[in-house]
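Next up, work_10.pdb (PDB, C-alpha atoms):
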ATOM      1  CA  MET N   1     -52.298  -1.539  16.143  1.00  0.00           C
ATOM      2  CA  SER N   2     -52.925   0.582  13.057  1.00  0.00           C
ATOM      3  CA  LEU N   3     -51.961   4.034  11.817  1.00  0.00           C
ATOM      4  CA  SER N   4     -54.058   6.997  12.822  1.00  0.00           C
ATOM      5  CA  LYS N   5     -56.211   8.575  10.156  1.00  0.00           C
ATOM      6  CA  GLU N   6     -53.944  11.633  10.039  1.00  0.00           C
ATOM      7  CA  ASN N   7     -50.761   9.611   9.603  1.00  0.00           C
ATOM      8  CA  SER N   8     -52.451   7.355   7.073  1.00  0.00           C
ATOM      9  CA  GLU N   9     -53.419  10.390   5.001  1.00  0.00           C
ATOM     10  CA  LYS N  10     -49.885  11.799   5.214  1.00  0.00           C
ATOM     11  CA  LEU N  11     -48.448   8.471   4.100  1.00  0.00           C
ATOM     12  CA  GLU N  12     -50.845   8.301   1.168  1.00  0.00           C
ATOM     13  CA  THR N  13     -49.906  11.867   0.182  1.00  0.00           C
ATOM     14  CA  PHE N  14     -46.247  10.881   0.264  1.00  0.00           C
ATOM     15  CA  ARG N  15     -46.948   7.820  -1.894  1.00  0.00           C
ATOM     16  CA  SER N  16     -48.789   9.987  -4.411  1.00  0.00           C
ATOM     17  CA  LYS N  17     -45.901  12.449  -4.635  1.00  0.00           C
ATOM     18  CA  VAL N  18     -43.409   9.608  -5.103  1.00  0.00           C
ATOM     19  CA  ALA N  19     -45.578   8.052  -7.834  1.00  0.00           C
ATOM     20  CA  SER N  20     -46.008  11.411  -9.583  1.00  0.00           C
ATOM     21  CA  ALA N  21     -42.253  12.103  -9.531  1.00  0.00           C
ATOM     22  CA  ALA N  22     -41.460   8.600 -10.794  1.00  0.00           C
ATOM     23  CA  ASN N  23     -43.964   8.829 -13.641  1.00  0.00           C
ATOM     24  CA  GLU N  24     -42.482  12.170 -14.702  1.00  0.00           C
ATOM     25  CA  ILE N  25     -39.045  10.551 -14.814  1.00  0.00           C
ATOM     26  CA  VAL N  26     -40.131   7.348 -16.563  1.00  0.00           C
ATOM     27  CA  PHE N  27     -42.313   8.964 -19.232  1.00  0.00           C
ATOM     28  CA  HIS N  28     -40.596  12.325 -19.767  1.00  0.00           C
ATOM     29  CA  PHE N  29     -37.100  12.665 -18.320  1.00  0.00           C
ATOM     30  CA  PHE N  30     -35.696   9.249 -19.324  1.00  0.00           C
ATOM     31  CA  PRO N  31     -37.061   9.366 -22.910  1.00  0.00           C
ATOM     32  CA  ALA N  32     -35.779  12.942 -23.300  1.00  0.00           C
ATOM     33  CA  LYS N  33     -32.266  11.729 -22.524  1.00  0.00           C
ATOM     34  CA  VAL N  34     -32.458   9.052 -25.220  1.00  0.00           C
ATOM     35  CA  ARG N  35     -34.280  10.654 -28.126  1.00  0.00           C
ATOM     36  CA  SER N  36     -33.357  13.563 -30.398  1.00  0.00           C
ATOM     37  CA  PHE N  37     -32.383  15.980 -27.619  1.00  0.00           C
ATOM     38  CA  GLU N  38     -30.469  16.137 -24.358  1.00  0.00           C
ATOM     39  CA  LEU N  39     -27.662  13.544 -24.341  1.00  0.00           C
ATOM     40  CA  THR N  40     -28.103  12.312 -27.908  1.00  0.00           C
ATOM     41  CA  THR N  41     -27.800  15.847 -29.271  1.00  0.00           C
ATOM     42  CA  LEU N  42     -24.744  16.475 -27.108  1.00  0.00           C
ATOM     43  CA  ILE N  43     -23.125  13.244 -28.301  1.00  0.00           C
ATOM     44  CA  GLU N  44     -23.787  14.078 -31.953  1.00  0.00           C
ATOM     45  CA  SER N  45     -22.283  17.537 -31.461  1.00  0.00           C
ATOM     46  CA  THR N  46     -18.981  16.003 -30.288  1.00  0.00           C
ATOM     47  CA  LYS N  47     -18.204  15.114 -33.909  1.00  0.00           C
ATOM     48  CA  THR N  48     -17.909  18.785 -34.865  1.00  0.00           C
ATOM     49  CA  PRO N  49     -14.400  20.323 -34.712  1.00  0.00           C
ATOM     50  CA  ASP N  50     -15.463  23.101 -32.339  1.00  0.00           C
ATOM     51  CA  SER N  51     -16.908  20.705 -29.742  1.00  0.00           C
ATOM     52  CA  PRO N  52     -14.819  20.569 -26.527  1.00  0.00           C
ATOM     53  CA  PHE N  53     -15.274  16.770 -26.599  1.00  0.00           C
ATOM     54  CA  ASN N  54     -13.722  16.397 -30.055  1.00  0.00           C
ATOM     55  CA  ILE N  55     -10.568  14.277 -30.012  1.00  0.00           C
ATOM     56  CA  ALA N  56      -8.875  16.769 -32.349  1.00  0.00           C
ATOM     57  CA  HIS N  57      -8.192  18.983 -29.314  1.00  0.00           C
ATOM     58  CA  ALA N  58      -5.857  16.336 -27.886  1.00  0.00           C
ATOM     59  CA  SER N  59      -2.774  17.652 -29.668  1.00  0.00           C
ATOM     60  CA  THR N  60      -2.994  21.095 -28.057  1.00  0.00           C
ATOM     61  CA  LEU N  61      -4.701  20.694 -24.694  1.00  0.00           C
ATOM     62  CA  THR N  62      -1.783  19.362 -22.595  1.00  0.00           C
ATOM     63  CA  ASP N  63       0.813  21.680 -21.062  1.00  0.00           C
ATOM     64  CA  ALA N  64       3.641  19.356 -20.043  1.00  0.00           C
ATOM     65  CA  ARG N  65       6.012  22.143 -19.050  1.00  0.00           C
ATOM     66  CA  VAL N  66       7.425  22.342 -15.533  1.00  0.00           C
ATOM     67  CA  TYR N  67       7.091  25.831 -14.077  1.00  0.00           C
ATOM     68  CA  PRO N  68       9.203  27.297 -11.252  1.00  0.00           C
ATOM     69  CA  ALA N  69       7.678  27.625  -7.818  1.00  0.00           C
ATOM     70  CA  PRO N  70       5.437  30.708  -7.332  1.00  0.00           C
ATOM     71  CA  SER N  71       7.338  33.718  -6.041  1.00  0.00           C
ATOM     72  CA  ASN N  72       5.279  33.880  -2.827  1.00  0.00           C
ATOM     73  CA  SER N  73       6.821  30.594  -1.721  1.00  0.00           C
ATOM     74  CA  MET N  74      10.321  32.105  -1.577  1.00  0.00           C
ATOM     75  CA  ASP N  75      11.786  35.092   0.229  1.00  0.00           C
ATOM     76  CA  SER N  76      15.257  36.442   0.888  1.00  0.00           C
ATOM     77  CA  ASN N  77      15.768  33.880   3.628  1.00  0.00           C
ATOM     78  CA  GLY N  78      14.859  30.886   1.460  1.00  0.00           C
ATOM     79  CA  PRO N  79      11.674  28.787   1.342  1.00  0.00           C
ATOM     80  CA  ALA N  80       8.705  30.152   3.260  1.00  0.00           C
ATOM     81  CA  LYS N  81       7.975  28.394   6.520  1.00  0.00           C
ATOM     82  CA  ARG N  82       4.565  27.151   7.505  1.00  0.00           C
ATOM     83  CA  ARG N  83       2.563  29.751   9.396  1.00  0.00           C
ATOM     84  CA  ARG N  84       1.871  28.932  12.986  1.00  0.00           C
ATOM     85  CA  THR N  85      -0.877  29.869  15.386  1.00  0.00           C
ATOM     86  CA  GLU N  86      -0.367  31.676  18.675  1.00  0.00           C
ATOM     87  CA  ASP N  87       0.057  28.356  20.480  1.00  0.00           C
ATOM     88  CA  SER N  88       2.813  27.397  17.954  1.00  0.00           C
ATOM     89  CA  SER N  89       0.698  24.684  16.287  1.00  0.00           C
ATOM     90  CA  ALA N  90       1.055  24.533  12.508  1.00  0.00           C
ATOM     91  CA  LEU N  91      -1.804  25.758  10.359  1.00  0.00           C
ATOM     92  CA  PRO N  92      -2.990  23.432   7.565  1.00  0.00           C
ATOM     93  CA  LEU N  93      -1.533  24.250   4.169  1.00  0.00           C
ATOM     94  CA  ALA N  94      -3.908  25.978   1.771  1.00  0.00           C
ATOM     95  CA  ASN N  95      -4.571  24.461  -1.646  1.00  0.00           C
ATOM     96  CA  GLY N  96      -1.551  25.232  -3.820  1.00  0.00           C
ATOM     97  CA  ASP N  97       0.660  26.251  -0.866  1.00  0.00           C
ATOM     98  CA  ASN N  98       4.005  24.609  -1.522  1.00  0.00           C
ATOM     99  CA  ALA N  99       5.794  25.691   1.643  1.00  0.00           C
ATOM    100  CA  GLY N 100       7.950  22.813   2.761  1.00  0.00           C
ATOM    101  CA  ALA N 101       7.397  20.838  -0.440  1.00  0.00           C
ATOM    102  CA  ARG N 102      10.382  18.748  -1.457  1.00  0.00           C
ATOM    103  CA  TYR N 103       9.808  19.544  -5.129  1.00  0.00           C
ATOM    104  CA  PRO N 104       8.005  22.924  -5.232  1.00  0.00           C
ATOM    105  CA  ASP N 105       7.927  23.233  -9.040  1.00  0.00           C
ATOM    106  CA  LEU N 106       4.555  23.273 -10.741  1.00  0.00           C
ATOM    107  CA  VAL N 107       2.755  21.402 -13.540  1.00  0.00           C
ATOM    108  CA  HIS N 108      -0.622  22.915 -14.395  1.00  0.00           C
ATOM    109  CA  ALA N 109      -3.835  20.891 -14.337  1.00  0.00           C
ATOM    110  CA  ASN N 110      -5.648  20.366 -17.616  1.00  0.00           C
ATOM    111  CA  LYS N 111      -8.415  22.990 -17.416  1.00  0.00           C
ATOM    112  CA  HIS N 112     -10.052  21.752 -20.645  1.00  0.00           C
ATOM    113  CA  ILE N 113     -10.639  18.254 -19.283  1.00  0.00           C
ATOM    114  CA  MET N 114     -11.739  19.666 -15.926  1.00  0.00           C
ATOM    115  CA  LYS N 115     -14.592  21.481 -17.705  1.00  0.00           C
ATOM    116  CA  LEU N 116     -15.630  18.281 -19.506  1.00  0.00           C
ATOM    117  CA  PHE N 117     -15.690  16.457 -16.183  1.00  0.00           C
ATOM    118  CA  GLU N 118     -18.227  18.961 -14.851  1.00  0.00           C
ATOM    119  CA  THR N 119     -20.658  17.790 -17.546  1.00  0.00           C
ATOM    120  CA  THR N 120     -19.939  14.142 -16.735  1.00  0.00           C
ATOM    121  CA  LYS N 121     -20.428  14.662 -12.997  1.00  0.00           C
ATOM    122  CA  SER N 122     -23.697  16.473 -13.579  1.00  0.00           C
ATOM    123  CA  GLU N 123     -25.025  13.638 -15.773  1.00  0.00           C
ATOM    124  CA  CYS N 124     -23.982  11.021 -13.217  1.00  0.00           C
ATOM    125  CA  THR N 125     -25.753  12.942 -10.460  1.00  0.00           C
ATOM    126  CA  HIS N 126     -28.971  13.177 -12.498  1.00  0.00           C
ATOM    127  CA  LEU N 127     -28.875   9.480 -13.372  1.00  0.00           C
ATOM    128  CA  SER N 128     -28.283   8.393  -9.782  1.00  0.00           C
ATOM    129  CA  ASP N 129     -30.981  10.676  -8.359  1.00  0.00           C
ATOM    130  CA  CYS N 130     -33.557   9.544 -10.916  1.00  0.00           C
ATOM    131  CA  CYS N 131     -32.818   5.875 -10.271  1.00  0.00           C
ATOM    132  CA  ASP N 132     -33.295   6.507  -6.542  1.00  0.00           C
ATOM    133  CA  LYS N 133     -36.732   8.041  -7.104  1.00  0.00           C
ATOM    134  CA  VAL N 134     -37.908   5.266  -9.422  1.00  0.00           C
ATOM    135  CA  LYS N 135     -36.578   2.581  -7.061  1.00  0.00           C
ATOM    136  CA  LEU N 136     -38.542   4.108  -4.197  1.00  0.00           C
ATOM    137  CA  TRP N 137     -41.704   4.124  -6.306  1.00  0.00           C
ATOM    138  CA  VAL N 138     -41.279   0.473  -7.322  1.00  0.00           C
ATOM    139  CA  ASN N 139     -40.659  -0.534  -3.715  1.00  0.00           C
ATOM    140  CA  LEU N 140     -43.780   1.271  -2.546  1.00  0.00           C
ATOM    141  CA  THR N 141     -45.919  -0.503  -5.147  1.00  0.00           C
ATOM    142  CA  MET N 142     -44.558  -3.909  -4.145  1.00  0.00           C
ATOM    143  CA  PRO N 143     -47.240  -5.948  -2.323  1.00  0.00           C
ATOM    144  CA  ASN N 144     -46.725  -8.401   0.506  1.00  0.00           C
ATOM    145  CA  GLY N 145     -46.084 -11.963  -0.515  1.00  0.00           C
ATOM    146  CA  ASP N 146     -44.155 -13.522  -3.349  1.00  0.00           C
ATOM    147  CA  ASN N 147     -45.774 -13.836  -6.749  1.00  0.00           C
ATOM    148  CA  PHE N 148     -44.515 -13.531 -10.301  1.00  0.00           C
ATOM    149  CA  GLY N 149     -45.425  -9.843 -10.487  1.00  0.00           C
ATOM    150  CA  VAL N 150     -43.207  -9.162  -7.501  1.00  0.00           C
ATOM    151  CA  GLN N 151     -40.355 -11.035  -9.191  1.00  0.00           C
ATOM    152  CA  ILE N 152     -40.682  -8.677 -12.155  1.00  0.00           C
ATOM    153  CA  GLN N 153     -40.470  -5.702  -9.828  1.00  0.00           C
ATOM    154  CA  GLU N 154     -37.357  -7.168  -8.194  1.00  0.00           C
ATOM    155  CA  GLU N 155     -35.695  -7.609 -11.576  1.00  0.00           C
ATOM    156  CA  VAL N 156     -36.514  -4.013 -12.460  1.00  0.00           C
ATOM    157  CA  LEU N 157     -35.031  -2.882  -9.143  1.00  0.00           C
ATOM    158  CA  SER N 158     -31.869  -4.862  -9.889  1.00  0.00           C
ATOM    159  CA  GLU N 159     -31.531  -3.138 -13.257  1.00  0.00           C
ATOM    160  CA  LEU N 160     -32.005   0.279 -11.655  1.00  0.00           C
ATOM    161  CA  LEU N 161     -29.357  -0.590  -9.066  1.00  0.00           C
ATOM    162  CA  ARG N 162     -26.921  -1.656 -11.810  1.00  0.00           C
ATOM    163  CA  SER N 163     -27.557   1.641 -13.602  1.00  0.00           C
ATOM    164  CA  GLN N 164     -26.887   3.549 -10.408  1.00  0.00           C
ATOM    165  CA  GLU N 165     -23.652   1.645  -9.783  1.00  0.00           C
ATOM    166  CA  SER N 166     -22.542   2.448 -13.326  1.00  0.00           C
ATOM    167  CA  ALA N 167     -23.087   6.132 -12.578  1.00  0.00           C
ATOM    168  CA  TYR N 168     -21.012   5.784  -9.391  1.00  0.00           C
ATOM    169  CA  ASN N 169     -18.191   4.080 -11.316  1.00  0.00           C
ATOM    170  CA  ILE N 170     -18.124   6.736 -14.032  1.00  0.00           C
ATOM    171  CA  ARG N 171     -18.113   9.421 -11.351  1.00  0.00           C
ATOM    172  CA  ASP N 172     -15.275   7.714  -9.486  1.00  0.00           C
ATOM    173  CA  SER N 173     -13.187   7.435 -12.669  1.00  0.00           C
ATOM    174  CA  ILE N 174     -12.695  11.220 -12.441  1.00  0.00           C
ATOM    175  CA  ARG N 175     -11.002  10.826  -9.068  1.00  0.00           C
ATOM    176  CA  GLN N 176      -8.846   8.057 -10.479  1.00  0.00           C
ATOM    177  CA  HIS N 177      -7.868  10.329 -13.387  1.00  0.00           C
ATOM    178  CA  TYR N 178      -6.590  13.038 -11.050  1.00  0.00           C
ATOM    179  CA  LEU N 179      -4.594  10.538  -8.996  1.00  0.00           C
ATOM    180  CA  ALA N 180      -3.017   8.955 -12.078  1.00  0.00           C
ATOM    181  CA  ARG N 181      -2.228  12.351 -13.613  1.00  0.00           C
ATOM    182  CA  ALA N 182      -0.710  13.582 -10.348  1.00  0.00           C
ATOM    183  CA  LYS N 183       1.678  10.619 -10.323  1.00  0.00           C
ATOM    184  CA  ILE N 184       2.827  11.382 -13.868  1.00  0.00           C
ATOM    185  CA  CYS N 185       3.240  15.079 -13.018  1.00  0.00           C
ATOM    186  CA  SER N 186       5.279  14.260  -9.915  1.00  0.00           C
ATOM    187  CA  LYS N 187       7.629  12.194 -12.075  1.00  0.00           C
ATOM    188  CA  LEU N 188       7.815  15.005 -14.607  1.00  0.00           C
ATOM    189  CA  ILE N 189       8.798  17.494 -11.906  1.00  0.00           C
ATOM    190  CA  LYS N 190      11.378  15.137 -10.439  1.00  0.00           C
ATOM    191  CA  TYR N 191      12.814  14.082 -13.814  1.00  0.00           C
ATOM    192  CA  PRO N 192      12.151  16.951 -16.270  1.00  0.00           C
ATOM    193  CA  ASN N 193      14.921  15.688 -18.548  1.00  0.00           C
ATOM    194  CA  ILE N 194      13.048  12.441 -19.333  1.00  0.00           C
ATOM    195  CA  GLU N 195      10.873  13.145 -22.354  1.00  0.00           C
ATOM    196  CA  ASP N 196       8.785  10.012 -21.940  1.00  0.00           C
ATOM    197  CA  TYR N 197       7.061  11.467 -18.859  1.00  0.00           C
ATOM    198  CA  ALA N 198       5.887  14.442 -20.928  1.00  0.00           C
ATOM    199  CA  LEU N 199       4.673  12.040 -23.620  1.00  0.00           C
ATOM    200  CA  ALA N 200       2.931   9.936 -20.979  1.00  0.00           C
ATOM    201  CA  LEU N 201       1.096  13.030 -19.717  1.00  0.00           C
ATOM    202  CA  ARG N 202      -0.093  13.919 -23.223  1.00  0.00           C
ATOM    203  CA  GLU N 203      -1.238  10.348 -23.861  1.00  0.00           C
ATOM    204  CA  HIS N 204      -3.048  10.291 -20.527  1.00  0.00           C
ATOM    205  CA  ASP N 205      -4.929  13.503 -21.329  1.00  0.00           C
ATOM    206  CA  GLU N 206      -5.824  12.256 -24.807  1.00  0.00           C
ATOM    207  CA  LYS N 207      -7.227   9.075 -23.281  1.00  0.00           C
ATOM    208  CA  GLN N 208      -9.325  11.138 -20.850  1.00  0.00           C
ATOM    209  CA  LEU N 209     -10.662  13.243 -23.718  1.00  0.00           C
ATOM    210  CA  PHE N 210     -11.701  10.035 -25.484  1.00  0.00           C
ATOM    211  CA  PHE N 211     -13.302   8.675 -22.306  1.00  0.00           C
ATOM    212  CA  ALA N 212     -15.163  11.939 -21.684  1.00  0.00           C
ATOM    213  CA  ARG N 213     -17.131  11.394 -24.899  1.00  0.00           C
ATOM    214  CA  GLN N 214     -17.442   7.641 -24.301  1.00  0.00           C
ATOM    215  CA  ASN N 215     -18.867   8.256 -20.836  1.00  0.00           C
ATOM    216  CA  LEU N 216     -21.641  10.354 -22.367  1.00  0.00           C
ATOM    217  CA  ILE N 217     -22.445   7.480 -24.735  1.00  0.00           C
ATOM    218  CA  ASP N 218     -22.436   4.986 -21.858  1.00  0.00           C
ATOM    219  CA  ILE N 219     -24.797   7.151 -19.800  1.00  0.00           C
ATOM    220  CA  ARG N 220     -27.119   7.607 -22.786  1.00  0.00           C
ATOM    221  CA  ASN N 221     -27.140   3.826 -23.326  1.00  0.00           C
ATOM    222  CA  ILE N 222     -27.965   3.244 -19.655  1.00  0.00           C
ATOM    223  CA  TYR N 223     -30.940   5.566 -20.017  1.00  0.00           C
ATOM    224  CA  ALA N 224     -32.010   3.678 -23.161  1.00  0.00           C
ATOM    225  CA  VAL N 225     -31.916   0.275 -21.442  1.00  0.00           C
ATOM    226  CA  ILE N 226     -33.763   1.265 -18.281  1.00  0.00           C
ATOM    227  CA  THR N 227     -36.343   3.253 -20.292  1.00  0.00           C
ATOM    228  CA  ASP N 228     -36.999   0.211 -22.475  1.00  0.00           C
ATOM    229  CA  ILE N 229     -37.351  -2.127 -19.485  1.00  0.00           C
ATOM    230  CA  LEU N 230     -39.594   0.222 -17.541  1.00  0.00           C
ATOM    231  CA  HIS N 231     -41.917   0.934 -20.469  1.00  0.00           C
ATOM    232  CA  LYS N 232     -42.257  -2.710 -21.461  1.00  0.00           C
ATOM    233  CA  ASN N 233     -43.062  -3.774 -17.917  1.00  0.00           C
ATOM    234  CA  ILE N 234     -44.958  -0.737 -16.669  1.00  0.00           C
ATOM    235  CA  THR N 235     -48.218  -2.669 -16.209  1.00  0.00           C
ATOM    236  CA  LYS N 236     -46.491  -5.351 -14.128  1.00  0.00           C
ATOM    237  CA  ILE N 237     -44.744  -2.684 -12.060  1.00  0.00           C
ATOM    238  CA  ARG N 238     -47.947  -0.815 -11.334  1.00  0.00           C
ATOM    239  CA  SER N 239     -50.114  -3.900 -10.718  1.00  0.00           C
ATOM    240  CA  PRO N 240     -47.901  -6.861  -9.791  1.00  0.00           C
ATOM    241  CA  ARG N 241     -50.791  -8.931  -8.399  1.00  0.00           C
ATOM    242  CA  GLY N 242     -52.630  -9.093 -11.708  1.00  0.00           C
ATOM    243  CA  ASN N 243     -49.692 -10.247 -13.825  1.00  0.00           C
ATOM    244  CA  ASN N 244     -48.712 -13.700 -12.739  1.00  0.00           C
ATOM    245  CA  ARG N 245     -48.218 -15.284 -16.152  1.00  0.00           C
ATOM    246  CA  ALA N 246     -45.996 -12.977 -18.146  1.00  0.00           C
ATOM    247  CA  GLY N 247     -42.255 -12.637 -17.598  1.00  0.00           C
ATOM    248  CA  LEU N 248     -39.901  -9.677 -17.807  1.00  0.00           C
ATOM    249  CA  TYR N 249     -39.664  -8.269 -21.336  1.00  0.00           C
TER     250      TYR N 249
END
Can you give me the file's structure in the form of structure tokens?
Amino acid sequence: MSLSKENSEKLETFRSKVASAANEIVFHFFPAKVRSFELTTLIESTKTPDSPFNIAHASTLTDARVYPAPSNSMDSNGPAKRRRTEDSSALPLANGDNAGARYPDLVHANKHIMKLFETTKSECTHLSDCCDKVKLWVNLTMPNGDNFGVQIQEEVLSELLRSQESAYNIRDSIRQHYLARAKICSKLIKYPNIEDYALALREHDEKQLFFARQNLIDIRNIYAVITDILHKNITKIRSPRGNNRAGLY
């Protein structure tokens, strides 16, 4: 049983769109991230004092003070109680609602680092999406059977997968930062008289500022590696059947 002519044409149209998107990424988007613009320009700009990624900001960007609970959490009768619905079931607490909190005092998040993370998350999303599109293209060009050209394609797919996993790990490090910082802040609220917790918070934020720039470098290097591999093996990727003698460059 074979595909109908209509479905066959639709499938071929889909293949063409996938190939066109992949070629745009491989020959334009990836090189743009590596060369004199995009990420490389951003990384070079981090050396200037006014760059938000510059490590010189570390000494002033952390507010380690413990602030009293917001006034809306207290009334003349003491701490505010959780609002309840008509059937007496408790409503979920809104973000920042400290009603019923054991330690309602507040330590502010680091807004400077939060802005840097937006850039990192955006770059990770672009990298992951592009790897997905190129992986699909390589898979669609893979013929039946097992020859040396197919092995090259499989190695390229493995490299794309590793690049994608690196993007996931960098993205997940942001979540880990917030969890680690929250633990330090909780200690700072509970023991405001211990100066080392305030120092630990400043050191943690300085480390994240350093990593924010390093993550950009790592992402740029990932683009450089996969661009190099794809360009050197583009003929084998496009026509795996006709390249049985040469290995992966």
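Put simply, atom CA of Glu159 of chain N is 25.2 Å away from atom CA of Arg175 of chain N.
Among the candidates N:Ile25, N:Ile226, N:Ala180, N:Ala19, the residue lying nearest to Asp129 of chain N is N:Ile25 (atoms considered: all atoms listed in the file).
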(request) Could you tell me how far atom CA of Ile217 of chain N lies from atom CA of Lys183 of chain N, in Å and to one decimal? (result) 28.3 Å
(message) For a test of reading the model, state the distance in Å between atom CA of Val34 of chain N and atom CA of Phe14 of chain N, rounded to one decimal.
(response) 29.0 Å
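Nearest residue to Ala212 of chain N among N:Ala21, N:Leu11, N:Ile55, N:Ile184 is N:Ile55, counting all atoms listed in the file.
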(message) Evaluate the PyMOL selection byres ((chain N and resi 219) around 10) against this structure - the residues, as an MDAnalysis selection string, please.
(response) chainID N and resid 33:34 39 120 123:124 127 163 166:167 170 214:218 220:224
